[in-house]
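K.L.:
One file: query_15.cif (mmCIF, C-alpha atoms).
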```
data_coords
#
loop_
_atom_site.group_PDB
_atom_site.id
_atom_site.type_symbol
_atom_site.label_atom_id
_atom_site.label_comp_id
_atom_site.auth_asym_id
_atom_site.auth_seq_id
_atom_site.Cartn_x
_atom_site.Cartn_y
_atom_site.Cartn_z
ATOM 1 C CA MET I 19 45.130 -77.327 -0.054
ATOM 2 C CA THR I 20 47.238 -74.472 -1.400
ATOM 3 C CA ALA I 21 50.949 -75.105 -1.499
ATOM 4 C CA PRO I 22 52.596 -73.342 1.411
ATOM 5 C CA THR I 23 54.844 -70.507 0.287
ATOM 6 C CA LEU I 24 58.504 -71.105 0.934
ATOM 7 C CA GLU I 25 59.359 -67.530 1.730
ATOM 8 C CA PRO I 26 57.487 -66.116 4.679
ATOM 9 C CA GLN I 27 55.360 -63.257 3.424
ATOM 10 C CA VAL I 28 55.908 -59.991 5.201
ATOM 11 C CA ASP I 29 53.584 -57.055 4.946
ATOM 12 C CA ILE I 30 54.515 -53.422 4.760
ATOM 13 C CA ALA I 31 54.767 -53.131 8.537
ATOM 14 C CA GLY I 32 57.111 -56.102 8.732
ATOM 15 C CA ARG I 33 54.544 -58.506 10.145
ATOM 16 C CA HIS I 34 54.256 -62.036 8.856
ATOM 17 C CA VAL I 35 51.232 -62.531 6.745
ATOM 18 C CA ASP I 36 49.474 -65.753 7.456
ATOM 19 C CA GLN I 37 48.931 -67.431 4.146
ATOM 20 C CA VAL I 38 47.190 -70.505 5.375
ATOM 21 C CA VAL I 39 43.495 -69.943 5.284
ATOM 22 C CA GLU I 40 41.645 -72.512 7.248
ATOM 23 C CA GLU I 41 39.453 -74.518 5.004
ATOM 24 C CA VAL I 42 35.986 -75.231 6.238
ATOM 25 C CA PRO I 43 34.596 -78.394 4.714
ATOM 26 C CA LEU I 44 31.247 -77.788 3.098
ATOM 27 C CA THR I 45 29.813 -80.698 4.949
ATOM 28 C CA ALA I 46 30.622 -79.249 8.350
ATOM 29 C CA PRO I 47 27.583 -79.460 10.566
ATOM 30 C CA MET I 48 25.780 -76.170 10.998
ATOM 31 C CA PRO I 49 25.713 -74.862 14.539
ATOM 32 C CA ALA I 50 22.560 -75.933 16.272
ATOM 33 C CA ALA I 51 19.702 -73.604 15.427
ATOM 34 C CA ALA I 52 19.236 -71.094 18.200
ATOM 35 C CA ALA I 53 16.070 -71.510 20.193
ATOM 36 C CA GLU I 54 13.238 -69.106 19.314
ATOM 37 C CA PRO I 55 14.158 -65.759 20.840
ATOM 38 C CA PRO I 56 11.711 -64.896 23.593
ATOM 39 C CA THR I 57 9.129 -62.386 22.449
ATOM 40 C CA THR I 58 9.442 -59.196 24.430
ATOM 41 C CA ARG I 59 6.230 -58.610 26.292
ATOM 42 C CA ASP I 60 7.438 -55.836 28.564
ATOM 43 C CA ILE I 61 8.380 -52.245 27.893
ATOM 44 C CA ILE I 62 10.229 -49.910 30.202
ATOM 45 C CA ILE I 63 10.126 -46.257 29.240
ATOM 46 C CA ILE I 64 12.697 -44.120 31.003
ATOM 47 C CA CYS I 65 11.030 -40.744 31.242
ATOM 48 C CA PHE I 66 13.987 -38.418 31.741
ATOM 49 C CA SER I 67 12.838 -35.226 30.048
ATOM 50 C CA GLY I 68 10.187 -32.844 31.283
ATOM 51 C CA ASP I 69 9.798 -31.080 27.917
ATOM 52 C CA LEU I 70 6.294 -30.898 26.512
ATOM 53 C CA GLU I 71 6.994 -32.705 23.252
ATOM 54 C CA LYS I 72 8.900 -35.520 24.957
ATOM 55 C CA THR I 73 6.264 -35.831 27.658
ATOM 56 C CA TRP I 74 3.775 -36.307 24.847
ATOM 57 C CA ALA I 75 5.918 -39.069 23.353
ATOM 58 C CA THR I 76 6.164 -40.809 26.739
ATOM 59 C CA MET I 77 2.403 -40.687 27.277
ATOM 60 C CA ILE I 78 1.578 -41.837 23.732
ATOM 61 C CA LEU I 79 3.926 -44.819 23.909
ATOM 62 C CA ALA I 80 2.898 -45.733 27.451
ATOM 63 C CA SER I 81 -0.832 -45.702 26.705
ATOM 64 C CA THR I 82 -0.370 -47.522 23.400
ATOM 65 C CA GLY I 83 1.806 -50.173 25.041
ATOM 66 C CA ALA I 84 -0.870 -50.883 27.623
ATOM 67 C CA ALA I 85 -3.609 -50.823 24.955
ATOM 68 C CA MET I 86 -1.687 -53.459 23.024
ATOM 69 C CA GLY I 87 -1.616 -55.753 25.999
ATOM 70 C CA VAL I 88 2.070 -55.181 26.674
ATOM 71 C CA LYS I 89 3.176 -54.795 30.279
ATOM 72 C CA THR I 90 4.364 -51.195 30.343
ATOM 73 C CA ARG I 91 6.345 -49.418 33.021
ATOM 74 C CA VAL I 92 7.597 -45.850 33.084
ATOM 75 C CA PHE I 93 10.621 -45.045 35.212
ATOM 76 C CA VAL I 94 10.417 -41.347 36.002
ATOM 77 C CA THR I 95 13.629 -39.520 36.738
ATOM 78 C CA PHE I 96 15.289 -36.081 36.620
ATOM 79 C CA TRP I 97 13.161 -33.482 34.789
ATOM 80 C CA GLY I 98 10.583 -36.148 34.093
ATOM 81 C CA LEU I 99 9.601 -36.011 37.782
ATOM 82 C CA GLN I 100 8.249 -32.490 37.270
ATOM 83 C CA THR I 101 5.630 -33.920 34.921
ATOM 84 C CA PHE I 102 4.162 -36.119 37.633
ATOM 85 C CA VAL I 103 3.866 -33.453 40.306
ATOM 86 C CA LYS I 104 0.235 -32.467 40.902
ATOM 87 C CA ASP I 105 -0.816 -29.664 38.566
ATOM 88 C CA GLY I 106 -1.808 -27.499 41.510
ATOM 89 C CA ARG I 107 1.588 -27.588 43.229
ATOM 90 C CA ARG I 108 3.497 -24.405 42.650
ATOM 91 C CA VAL I 109 6.488 -24.825 44.931
ATOM 92 C CA THR I 110 8.123 -28.101 45.852
ATOM 93 C CA GLY I 111 11.225 -28.914 47.847
ATOM 94 C CA GLU I 112 12.576 -28.157 51.266
ATOM 95 C CA ASN I 113 15.502 -25.812 50.800
ATOM 96 C CA TRP I 114 15.702 -22.598 48.811
ATOM 97 C CA MET I 115 17.519 -24.171 45.871
ATOM 98 C CA GLN I 116 14.919 -26.906 45.433
ATOM 99 C CA LYS I 117 12.152 -24.341 45.769
ATOM 100 C CA MET I 118 13.820 -22.058 43.265
ATOM 101 C CA LEU I 119 14.155 -24.893 40.748
ATOM 102 C CA ALA I 120 10.427 -25.533 41.063
ATOM 103 C CA MET I 121 9.717 -21.799 40.689
ATOM 104 C CA MET I 122 11.806 -21.619 37.520
ATOM 105 C CA GLN I 123 9.948 -24.480 35.880
ATOM 106 C CA ARG I 124 6.379 -24.881 37.001
ATOM 107 C CA PRO I 125 5.692 -28.541 37.755
ATOM 108 C CA GLY I 126 2.694 -30.537 36.552
ATOM 109 C CA VAL I 127 1.708 -32.393 33.404
ATOM 110 C CA SER I 128 -0.337 -29.414 32.190
ATOM 111 C CA HIS I 129 2.540 -26.956 32.519
ATOM 112 C CA ARG I 130 5.185 -28.474 30.298
ATOM 113 C CA LYS I 131 7.292 -26.236 28.065
ATOM 114 C CA LEU I 132 8.701 -26.945 24.632
ATOM 115 C CA SER I 133 12.436 -27.642 24.433
ATOM 116 C CA LYS I 134 12.628 -25.174 21.574
ATOM 117 C CA MET I 135 10.386 -22.442 20.199
ATOM 118 C CA ASN I 136 8.969 -21.913 23.667
ATOM 119 C CA PHE I 137 8.804 -18.121 23.185
ATOM 120 C CA LEU I 138 7.581 -17.392 26.697
ATOM 121 C CA GLY I 139 4.774 -19.884 26.406
ATOM 122 C CA MET I 140 3.640 -18.924 22.901
ATOM 123 C CA GLY I 141 5.011 -22.186 21.440
ATOM 124 C CA PRO I 142 3.241 -24.529 23.876
ATOM 125 C CA TRP I 143 0.052 -22.486 23.517
ATOM 126 C CA MET I 144 0.128 -22.938 19.740
ATOM 127 C CA MET I 145 1.010 -26.597 20.143
ATOM 128 C CA ARG I 146 -1.932 -27.196 22.475
ATOM 129 C CA SER I 147 -4.263 -25.264 20.169
ATOM 130 C CA LEU I 148 -3.174 -27.391 17.206
ATOM 131 C CA ALA I 149 -3.598 -30.554 19.250
ATOM 132 C CA LYS I 150 -7.120 -29.509 20.146
ATOM 133 C CA LYS I 151 -7.952 -28.638 16.550
ATOM 134 C CA TYR I 152 -6.748 -32.028 15.334
ATOM 135 C CA HIS I 153 -8.239 -33.976 18.254
ATOM 136 C CA VAL I 154 -4.903 -35.092 19.629
ATOM 137 C CA ALA I 155 -5.251 -36.165 23.248
ATOM 138 C CA SER I 156 -3.331 -33.990 25.709
ATOM 139 C CA PRO I 157 -0.512 -35.448 27.819
ATOM 140 C CA LYS I 158 -2.853 -35.251 30.817
ATOM 141 C CA GLU I 159 -5.593 -37.245 29.073
ATOM 142 C CA LEU I 160 -3.062 -39.810 27.882
ATOM 143 C CA LEU I 161 -1.577 -40.086 31.371
ATOM 144 C CA GLU I 162 -5.019 -40.788 32.811
ATOM 145 C CA ALA I 163 -5.752 -43.366 30.093
ATOM 146 C CA ALA I 164 -2.377 -45.032 30.678
ATOM 147 C CA GLN I 165 -2.984 -45.226 34.420
ATOM 148 C CA ALA I 166 -6.480 -46.622 33.879
ATOM 149 C CA MET I 167 -4.997 -49.366 31.691
ATOM 150 C CA GLY I 168 -2.470 -50.331 34.317
ATOM 151 C CA VAL I 169 0.746 -48.621 33.252
ATOM 152 C CA GLU I 170 3.081 -48.452 36.242
ATOM 153 C CA PHE I 171 4.723 -45.083 36.769
ATOM 154 C CA ILE I 172 7.723 -45.560 39.025
ATOM 155 C CA PRO I 173 9.602 -42.553 40.392
ATOM 156 C CA CYS I 174 13.356 -42.521 40.919
ATOM 157 C CA GLN I 175 14.207 -42.234 44.609
ATOM 158 C CA MET I 176 17.560 -40.515 44.137
ATOM 159 C CA THR I 177 16.280 -37.650 41.983
ATOM 160 C CA MET I 178 13.231 -37.290 44.222
ATOM 161 C CA ASP I 179 15.594 -36.698 47.132
ATOM 162 C CA MET I 180 17.708 -34.297 45.124
ATOM 163 C CA PHE I 181 14.718 -32.175 44.120
ATOM 164 C CA GLY I 182 13.136 -32.515 47.560
ATOM 165 C CA LEU I 183 10.051 -34.274 46.177
ATOM 166 C CA THR I 184 7.901 -36.613 48.233
ATOM 167 C CA THR I 185 5.297 -39.131 47.060
ATOM 168 C CA ASP I 186 2.743 -36.649 48.380
ATOM 169 C CA ASP I 187 3.793 -34.183 45.650
ATOM 170 C CA PHE I 188 2.930 -36.631 42.886
ATOM 171 C CA VAL I 189 -0.348 -37.419 41.175
ATOM 172 C CA GLU I 190 -2.321 -40.351 42.570
ATOM 173 C CA GLY I 191 -1.392 -43.864 41.594
ATOM 174 C CA MET I 192 2.393 -43.622 41.320
ATOM 175 C CA GLY I 193 4.410 -46.709 42.201
ATOM 176 C CA GLU I 194 6.901 -47.103 45.022
ATOM 177 C CA PRO I 195 10.140 -45.173 44.368
ATOM 178 C CA VAL I 196 13.016 -47.343 43.182
ATOM 179 C CA GLY I 197 16.594 -46.986 41.958
ATOM 180 C CA ALA I 198 18.586 -47.593 38.808
ATOM 181 C CA ALA I 199 19.240 -51.239 39.697
ATOM 182 C CA THR I 200 15.545 -52.008 39.324
ATOM 183 C CA VAL I 201 15.585 -50.532 35.824
ATOM 184 C CA ILE I 202 18.693 -52.423 34.785
ATOM 185 C CA GLY I 203 17.221 -55.567 36.288
ATOM 186 C CA LEU I 204 14.082 -55.201 34.178
ATOM 187 C CA ILE I 205 16.080 -54.559 31.016
ATOM 188 C CA THR I 206 18.323 -57.579 31.525
ATOM 189 C CA GLU I 207 15.236 -59.700 32.101
ATOM 190 C CA GLY I 208 13.947 -58.729 28.667
ATOM 191 C CA SER I 209 12.038 -55.473 29.061
ATOM 192 C CA ALA I 210 12.525 -53.331 25.975
ATOM 193 C CA PRO I 211 13.978 -49.993 27.120
ATOM 194 C CA ILE I 212 12.901 -46.672 25.631
ATOM 195 C CA PHE I 213 14.736 -43.554 26.804
ATOM 196 C CA ILE I 214 12.867 -40.300 26.409
ATOM 197 C CA MET V 5 -21.458 -53.714 4.168
ATOM 198 C CA SER V 6 -21.387 -56.882 6.152
ATOM 199 C CA THR V 7 -24.265 -58.202 8.181
ATOM 200 C CA LEU V 8 -22.156 -59.205 11.169
ATOM 201 C CA GLN V 9 -23.874 -58.635 14.474
ATOM 202 C CA VAL V 10 -21.639 -56.431 16.558
ATOM 203 C CA ALA V 11 -22.014 -56.253 20.308
ATOM 204 C CA LYS V 12 -20.572 -52.780 20.626
ATOM 205 C CA THR V 13 -19.303 -49.868 18.553
ATOM 206 C CA VAL V 14 -16.429 -47.537 19.342
ATOM 207 C CA ASP V 15 -16.792 -44.253 17.507
ATOM 208 C CA ALA V 16 -13.242 -42.963 17.233
ATOM 209 C CA LYS V 17 -13.935 -40.724 14.252
ATOM 210 C CA GLY V 18 -11.894 -37.532 14.414
ATOM 211 C CA LEU V 19 -9.565 -38.872 17.087
ATOM 212 C CA SER V 20 -5.831 -39.011 16.467
ATOM 213 C CA CYS V 21 -3.251 -41.631 17.352
ATOM 214 C CA PRO V 22 -3.203 -43.328 19.816
ATOM 215 C CA MET V 23 -6.774 -42.700 20.979
ATOM 216 C CA PRO V 24 -8.588 -45.074 18.571
ATOM 217 C CA ILE V 25 -6.403 -47.915 19.863
ATOM 218 C CA VAL V 26 -6.691 -46.798 23.487
ATOM 219 C CA LYS V 27 -10.491 -46.545 23.292
ATOM 220 C CA THR V 28 -10.689 -49.920 21.571
ATOM 221 C CA ALA V 29 -8.561 -51.576 24.247
ATOM 222 C CA GLN V 30 -10.738 -50.097 26.971
ATOM 223 C CA ALA V 31 -13.979 -51.121 25.238
ATOM 224 C CA ILE V 32 -12.988 -54.700 24.452
ATOM 225 C CA LYS V 33 -11.890 -55.320 28.028
ATOM 226 C CA GLU V 34 -15.476 -55.471 29.256
ATOM 227 C CA MET V 35 -16.683 -57.711 26.430
ATOM 228 C CA PRO V 36 -17.129 -61.482 26.566
ATOM 229 C CA SER V 37 -14.828 -63.745 24.587
ATOM 230 C CA GLY V 38 -15.970 -64.215 20.991
ATOM 231 C CA ALA V 39 -18.037 -61.004 20.888
ATOM 232 C CA LEU V 40 -17.602 -58.627 17.977
ATOM 233 C CA LEU V 41 -16.528 -55.024 18.370
ATOM 234 C CA GLU V 42 -16.924 -52.442 15.639
ATOM 235 C CA VAL V 43 -14.520 -49.499 15.510
ATOM 236 C CA LEU V 44 -14.980 -46.448 13.319
ATOM 237 C CA ALA V 45 -11.966 -44.219 12.790
ATOM 238 C CA THR V 46 -10.779 -41.493 10.450
ATOM 239 C CA ASP V 47 -7.086 -41.544 11.416
ATOM 240 C CA ALA V 48 -5.340 -42.948 8.327
ATOM 241 C CA GLY V 49 -2.644 -44.520 10.488
ATOM 242 C CA SER V 50 -5.263 -46.710 12.125
ATOM 243 C CA GLN V 51 -5.395 -48.978 9.054
ATOM 244 C CA LYS V 52 -1.983 -50.385 9.903
ATOM 245 C CA ASP V 53 -2.301 -49.820 13.655
ATOM 246 C CA PHE V 54 -5.268 -52.123 14.062
ATOM 247 C CA VAL V 55 -3.457 -54.924 12.256
ATOM 248 C CA ALA V 56 -0.540 -54.518 14.688
ATOM 249 C CA TRP V 57 -2.887 -54.226 17.641
ATOM 250 C CA ALA V 58 -4.740 -57.423 16.721
ATOM 251 C CA LYS V 59 -1.471 -59.285 16.249
ATOM 252 C CA SER V 60 -0.134 -58.121 19.615
ATOM 253 C CA THR V 61 -3.268 -58.668 21.676
ATOM 254 C CA GLY V 62 -4.433 -61.866 19.980
ATOM 255 C CA ASN V 63 -7.859 -60.461 19.173
ATOM 256 C CA GLU V 64 -8.946 -61.189 15.631
ATOM 257 C CA LEU V 65 -9.336 -58.503 12.982
ATOM 258 C CA VAL V 66 -12.310 -60.027 11.186
ATOM 259 C CA GLU V 67 -12.981 -57.308 8.695
ATOM 260 C CA GLN V 68 -11.543 -54.019 7.556
ATOM 261 C CA THR V 69 -13.424 -51.724 5.207
ATOM 262 C CA THR V 70 -13.343 -48.086 4.153
ATOM 263 C CA ASP V 71 -16.363 -45.997 3.399
ATOM 264 C CA ALA V 72 -16.141 -42.308 2.531
ATOM 265 C CA GLY V 73 -12.963 -41.759 4.530
ATOM 266 C CA VAL V 74 -14.164 -43.723 7.525
ATOM 267 C CA PHE V 75 -12.246 -46.858 8.380
ATOM 268 C CA ARG V 76 -14.357 -49.604 9.852
ATOM 269 C CA PHE V 77 -12.817 -52.468 11.776
ATOM 270 C CA ILE V 78 -14.589 -55.541 13.076
ATOM 271 C CA LEU V 79 -12.704 -57.233 15.879
ATOM 272 C CA ARG V 80 -13.445 -60.483 17.631
ATOM 273 C CA LYS V 81 -12.373 -60.722 21.234
ATOM 274 C CA LYS V 82 -10.152 -63.713 21.876
#
```
Please rewrite the model in this file as structure tokens.

P.N.:
Amino acid sequence: MTAPTLEPQVDIAGRHVDQVVEEVPLTAPMPAAAAEPPTTRDIIIICFSGDLEKTWATMILASTGAAMGVKTRVFVTFWGLQTFVKDGRRVTGENWMQKMLAMMQRPGVSHRKLSKMNFLGMGPWMMRSLAKKYHVASPKELLEAAQAMGVEFIPCQMTMDMFGLTTDDFVEGMGEPVGAATVIGLITEGSAPIFI
Amino acid sequence: MSTLQVAKTVDAKGLSCPMPIVKTAQAIKEMPSGALLEVLATDAGSQKDFVAWAKSTGNELVEQTTDAGVFRFILRKK
């Protein structure tokens, strides 16, 4: 035990400096070893972006997750919804603003644009050509593989309403629309979240 | 070259990530437990990917060899 100082020590700001450092005996029992952390066996990808390169990332991770035997879900929201609209749909929505939004960015997994270097479609064209040359599966192929392996694609109800999208606009096999609470629920139950 | 009798072969030569893994997962699904699957790939990343895949799925990576730039994996279904 250190001898207590007689004069109270005061620091530059005028506060008393506590000199007594609590001594922890070396023999103190260690806190009980924490139980093995549960291994995460679920993944939830939040597909927010509709950009080509990010769509690719979503599809690669989703299909790989399923291939590795990991329960994989994709929550599709905001611009991500555009990716899951049928390739053939040109205009979606009910009012002129929703329709105009669809006109300005053609929906469908095959019509994604790059977030940068788009150059009126030149960028994505080059990207797709390179992918073909190097035998990289397209987002569409990966989406189909992911669906075949049981990845659940779950659309966000709120953004569907905002963009005027119905389940009829989407590709086959989408899950029932849900809200943010479902996503948070899954994450708190141990699903590893990935935001793209 | 081993003399293991494989039940099926997945030719993933030329395919990029993640297709070798995806094709393997699809192929092994229809196989009986204990059967051997051979995978041929040229994607260099697959060397590590198949180790991770085996660990995650519980299927056994029995053998891993390289021959003239082709990676050959022998997997036993759990």

K.L.:
Starting from chain I, keep only residues with some atom at most 12 Å from an atom of chain V, counting only C-alpha atoms, and report them as a ChimeraX atom specification.

P.N.:
/I:57-60,74-89,148-157,159-168

K.L.:
Can you tell me which residues surround Ile64 in chain I at a distance of at most 6 Å, considering only C-alpha atoms, apart from same-chain residues fewer than 6 positions away, and format the answer as a ChimeraX atom specification?

P.N.:
/I:92-93,212-214

K.L.:
Kindly resolve the PyMOL selection byres ((chain V and resi 39-43) around 7) on the present coordinates and return the residues as a ChimeraX atom specification.

P.N.:
/V:10-16,35-38,44-45,76-81

K.L.:
In Å to one decimal, how far is CA of Thr185 in chain I from CA of Val109 in chain I?

P.N.:
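These atoms are spaced 14.5 Å apart.
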
K.L.:
On this structure, which residues satisfy the PyMOL selection byres ((chain I and resi 119) around 12), written as a ChimeraX atom specification?

P.N.:
/I:96-97,100,108-118,120-125,180-183

K.L.:
Go ahead and compute the interatomic distance for CA of Val55 in chain V and CA of Thr70 in chain V, in Å to one decimal.

P.N.:
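Going from CA of Val55 in chain V over to CA of Thr70 in chain V covers 14.5 Å.
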
K.L.:
Would you mind reading off the distance between CA of Ala31 in chain V and CA of Gln51 in chain V, one decimal, in Å?

P.N.:
18.4 Å

K.L.:
Could you work out an axis-aligned bounding box for all listed atoms of range 12-25 of chain V, with 4 Å added on each of the six sides, and give its centre and edge lengths in Å to one decimal, as AutoDock Vina command-line options?

P.N.:
```
--center_x -11.9 --center_y -45.2 --center_z 17.6 --size_x 25.4 --size_y 23.2 --size_z 14.7
```

K.L.:
Would you kindly return, as a short mmCIF file (atom, residue, chain, number, x, y, z; two decimals) with C-alpha atoms, in the frame of the given file, each protein, DNA or RNA residue with an atom no farther than 10 Å from any atom of range 202-206 of chain I, considering only C-alpha atoms and excluding same-chain residues fewer than 5 positions away?

P.N.:
```
data_model
loop_
_atom_site.label_atom_id
_atom_site.label_comp_id
_atom_site.auth_asym_id
_atom_site.auth_seq_id
_atom_site.Cartn_x
_atom_site.Cartn_y
_atom_site.Cartn_z
CA ASP I 60 7.44 -55.84 28.56
CA ILE I 61 8.38 -52.24 27.89
CA ILE I 62 10.23 -49.91 30.20
CA ARG I 91 6.34 -49.42 33.02
CA GLY I 197 16.59 -46.99 41.96
CA PRO I 211 13.98 -49.99 27.12
#
```
